[in-house]
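File shown here: query.cif, holding mmCIF, C-alpha atoms.
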data_upload
#
loop_
_atom_site.group_PDB
_atom_site.id
_atom_site.type_symbol
_atom_site.label_atom_id
_atom_site.label_comp_id
_atom_site.auth_asym_id
_atom_site.auth_seq_id
_atom_site.Cartn_x
_atom_site.Cartn_y
_atom_site.Cartn_z
ATOM 1 C CA MET G 1 8.242 7.171 21.553
ATOM 2 C CA LYS G 2 9.744 4.147 23.208
ATOM 3 C CA GLU G 3 13.177 3.057 21.999
ATOM 4 C CA ILE G 4 13.731 -0.637 21.231
ATOM 5 C CA THR G 5 16.628 -2.723 19.967
ATOM 6 C CA VAL G 6 16.191 -5.200 17.142
ATOM 7 C CA ARG G 7 18.840 -7.533 15.739
ATOM 8 C CA ILE G 8 18.565 -8.439 12.060
ATOM 9 C CA PRO G 9 20.949 -9.964 9.509
ATOM 10 C CA GLU G 10 23.236 -7.529 7.687
ATOM 11 C CA GLU G 11 21.719 -8.333 4.287
ATOM 12 C CA VAL G 12 18.238 -7.476 5.598
ATOM 13 C CA LEU G 13 19.556 -4.226 7.042
ATOM 14 C CA ALA G 14 21.144 -3.398 3.695
ATOM 15 C CA GLN G 15 17.776 -3.931 1.986
ATOM 16 C CA VAL G 16 16.033 -1.752 4.599
ATOM 17 C CA ASP G 17 18.600 1.008 4.046
ATOM 18 C CA LYS G 18 18.180 0.757 0.273
ATOM 19 C CA GLU G 19 14.379 0.991 0.422
ATOM 20 C CA ALA G 20 14.484 3.795 2.990
ATOM 21 C CA GLY G 21 16.841 5.708 0.711
ATOM 22 C CA LEU G 22 14.524 5.252 -2.252
ATOM 23 C CA LYS G 23 11.680 6.715 -0.182
ATOM 24 C CA HIS G 24 13.932 9.486 1.202
ATOM 25 C CA VAL G 25 13.202 8.562 4.815
ATOM 26 C CA SER G 26 15.386 7.447 7.683
ATOM 27 C CA ARG G 27 15.892 3.784 8.458
ATOM 28 C CA ALA G 28 13.854 4.171 11.662
ATOM 29 C CA GLN G 29 10.999 5.915 9.859
ATOM 30 C CA PHE G 30 10.960 3.251 7.152
ATOM 31 C CA ILE G 31 10.700 0.488 9.770
ATOM 32 C CA ARG G 32 7.929 2.366 11.622
ATOM 33 C CA ASP G 33 6.018 2.807 8.357
ATOM 34 C CA GLN G 34 6.361 -0.891 7.548
ATOM 35 C CA LEU G 35 5.017 -1.867 10.955
ATOM 36 C CA VAL G 36 2.003 0.414 10.570
ATOM 37 C CA PHE G 37 1.216 -0.923 7.084
ATOM 38 C CA LYS G 38 1.469 -4.513 8.302
ATOM 39 C CA ASN G 39 -1.331 -3.803 10.781
ATOM 40 C CA SER G 40 -3.623 -2.364 8.107
ATOM 41 C CA LYS G 41 -5.767 -4.338 5.686
ATOM 42 C CA ALA G 42 -3.665 -6.127 3.061
ATOM 43 C CA VAL G 43 -4.624 -5.976 -0.602
ATOM 44 C CA GLY G 44 -5.401 -9.677 -0.572
ATOM 45 C CA ASP G 45 -7.906 -9.126 2.255
ATOM 46 C CA TYR G 46 -10.233 -7.086 0.041
ATOM 47 C CA GLY G 47 -13.218 -8.835 -1.464
ATOM 48 C CA PRO G 48 -15.755 -8.128 -4.217
ATOM 49 C CA LYS G 49 -17.793 -5.826 -1.965
ATOM 50 C CA ASP G 50 -14.696 -3.683 -1.271
ATOM 51 C CA PHE G 51 -13.905 -3.616 -4.990
ATOM 52 C CA HIS G 52 -17.383 -2.380 -5.935
ATOM 53 C CA THR G 53 -17.402 0.148 -3.084
ATOM 54 C CA LEU G 54 -14.135 1.567 -4.414
ATOM 55 C CA VAL G 55 -15.485 1.665 -7.976
ATOM 56 C CA SER G 56 -18.516 3.646 -6.732
ATOM 57 C CA LEU G 57 -16.295 6.025 -4.767
ATOM 58 C CA VAL G 58 -14.041 6.665 -7.763
ATOM 59 C CA ARG G 59 -17.075 7.166 -9.984
ATOM 60 C CA ARG G 60 -18.479 9.817 -7.630
ATOM 61 C CA ARG G 61 -15.108 11.573 -7.352
ATOM 62 C CA THR G 62 -14.590 11.661 -11.107
ATOM 63 C CA GLY G 63 -18.024 13.176 -11.651
ATOM 64 C CA ASN G 64 -19.295 10.118 -13.524
ATOM 65 C CA GLY G 65 -16.983 11.061 -16.414
ATOM 66 C CA MET G 66 -16.112 7.418 -17.119
ATOM 67 C CA ASP G 67 -18.487 4.513 -17.578
ATOM 68 C CA LYS G 68 -18.607 1.802 -14.930
ATOM 69 C CA ARG G 69 -16.676 -0.762 -16.992
ATOM 70 C CA GLN G 70 -13.782 1.686 -17.517
ATOM 71 C CA LEU G 71 -13.660 2.430 -13.787
ATOM 72 C CA GLU G 72 -13.735 -1.268 -12.943
ATOM 73 C CA ASN G 73 -10.761 -1.798 -15.250
ATOM 74 C CA VAL G 74 -8.821 1.061 -13.644
ATOM 75 C CA VAL G 75 -9.567 -0.172 -10.116
ATOM 76 C CA ALA G 76 -8.611 -3.740 -11.108
ATOM 77 C CA VAL G 77 -5.261 -2.512 -12.453
ATOM 78 C CA VAL G 78 -4.587 -0.626 -9.211
ATOM 79 C CA PHE G 79 -5.490 -3.690 -7.096
ATOM 80 C CA ASN G 80 -3.184 -5.872 -9.205
ATOM 81 C CA GLU G 81 -0.305 -3.395 -8.981
ATOM 82 C CA LEU G 82 -0.653 -3.119 -5.210
ATOM 83 C CA ALA G 83 -0.749 -6.889 -4.870
ATOM 84 C CA SER G 84 2.407 -7.464 -6.918
#
Serialized structure, structure tokens:
Amino acid sequence: MKEITVRIPEEVLAQVDKEAGLKHVSRAQFIRDQLVFKNSKAVGDYGPKDFHTLVSLVRRRTGNGMDKRQLENVVAVVFNELAS
């Protein structure tokens, strides 16, 4: 890996350290993880097609044990939690 230097305010660094500690990772690993997640698709970027694709995937993985409306409710709760 390539080493870089970044200057950030002390209060931001304190927040980074706090969140890294909660996840039991180093400060550097936490920052790397945040950079990777920022380049992936954000929750708000998902549309109805993605939602229904996920519902179908969950339905297949659960062996059709829940009806479609129940699965839609579960997936909607997960989307909302990730977005908040």
Item to complete: Work out how far atom CA of G:His52 is from atom CA of G:Leu71, in Å to one decimal.
Response: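 Interatomic distance here is 9.9 Å.
In this structure, atom CA of G:His24 sits 28.7 Å away from atom CA of G:Asp45.
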Fill in: Between atom CA of G:Lys2 and atom CA of G:Lys23, distance in Å (one decimal)
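One can read the atom CA of G:Lys2 to atom CA of G:Lys23 distance as 23.6 Å.
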Practice prompt. May I have the residues within 12 Å of G:Arg69 as a PyMOL selection string, using all atoms listed in the file and disregarding those fewer than 5 positions away in the same chain?
Written response: chain G and resi 52+55-56+59+64+74-76
Using the atoms already present, construct N, CA and C atoms for stretch 49-61 of chain G and hand them back as a PDB file, keeping the file's coordinate frame.
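Everything below was put into out_15.pdb:
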ATOM      1  N   LYS G  49     -17.049  -6.970  -2.497  1.00  0.00           N
ATOM      2  CA  LYS G  49     -17.793  -5.826  -1.965  1.00  0.00           C
ATOM      3  C   LYS G  49     -16.889  -4.600  -1.863  1.00  0.00           C
ATOM      4  N   ASP G  50     -15.651  -4.795  -1.369  1.00  0.00           N
ATOM      5  CA  ASP G  50     -14.696  -3.683  -1.271  1.00  0.00           C
ATOM      6  C   ASP G  50     -14.377  -3.125  -2.654  1.00  0.00           C
ATOM      7  N   PHE G  51     -14.213  -4.017  -3.624  1.00  0.00           N
ATOM      8  CA  PHE G  51     -13.905  -3.616  -4.990  1.00  0.00           C
ATOM      9  C   PHE G  51     -15.013  -2.726  -5.540  1.00  0.00           C
ATOM     10  N   HIS G  52     -16.265  -3.148  -5.393  1.00  0.00           N
ATOM     11  CA  HIS G  52     -17.383  -2.380  -5.935  1.00  0.00           C
ATOM     12  C   HIS G  52     -17.607  -1.075  -5.167  1.00  0.00           C
ATOM     13  N   THR G  53     -17.328  -1.085  -3.869  1.00  0.00           N
ATOM     14  CA  THR G  53     -17.402   0.148  -3.084  1.00  0.00           C
ATOM     15  C   THR G  53     -16.380   1.154  -3.607  1.00  0.00           C
ATOM     16  N   LEU G  54     -15.180   0.679  -3.888  1.00  0.00           N
ATOM     17  CA  LEU G  54     -14.135   1.567  -4.414  1.00  0.00           C
ATOM     18  C   LEU G  54     -14.496   2.083  -5.805  1.00  0.00           C
ATOM     19  N   VAL G  55     -15.052   1.228  -6.644  1.00  0.00           N
ATOM     20  CA  VAL G  55     -15.485   1.665  -7.976  1.00  0.00           C
ATOM     21  C   VAL G  55     -16.524   2.788  -7.840  1.00  0.00           C
ATOM     22  N   SER G  56     -17.485   2.624  -6.937  1.00  0.00           N
ATOM     23  CA  SER G  56     -18.516   3.646  -6.732  1.00  0.00           C
ATOM     24  C   SER G  56     -17.914   4.949  -6.218  1.00  0.00           C
ATOM     25  N   LEU G  57     -16.957   4.833  -5.302  1.00  0.00           N
ATOM     26  CA  LEU G  57     -16.295   6.025  -4.767  1.00  0.00           C
ATOM     27  C   LEU G  57     -15.546   6.770  -5.870  1.00  0.00           C
ATOM     28  N   VAL G  58     -14.792   6.037  -6.672  1.00  0.00           N
ATOM     29  CA  VAL G  58     -14.041   6.665  -7.763  1.00  0.00           C
ATOM     30  C   VAL G  58     -14.996   7.296  -8.763  1.00  0.00           C
ATOM     31  N   ARG G  59     -16.094   6.630  -9.032  1.00  0.00           N
ATOM     32  CA  ARG G  59     -17.075   7.166  -9.984  1.00  0.00           C
ATOM     33  C   ARG G  59     -17.649   8.490  -9.487  1.00  0.00           C
ATOM     34  N   ARG G  60     -17.967   8.556  -8.199  1.00  0.00           N
ATOM     35  CA  ARG G  60     -18.479   9.817  -7.630  1.00  0.00           C
ATOM     36  C   ARG G  60     -17.428  10.920  -7.695  1.00  0.00           C
ATOM     37  N   ARG G  61     -16.181  10.566  -7.376  1.00  0.00           N
ATOM     38  CA  ARG G  61     -15.108  11.573  -7.352  1.00  0.00           C
ATOM     39  C   ARG G  61     -14.708  12.057  -8.737  1.00  0.00           C
TER      40      ARG G  61
END
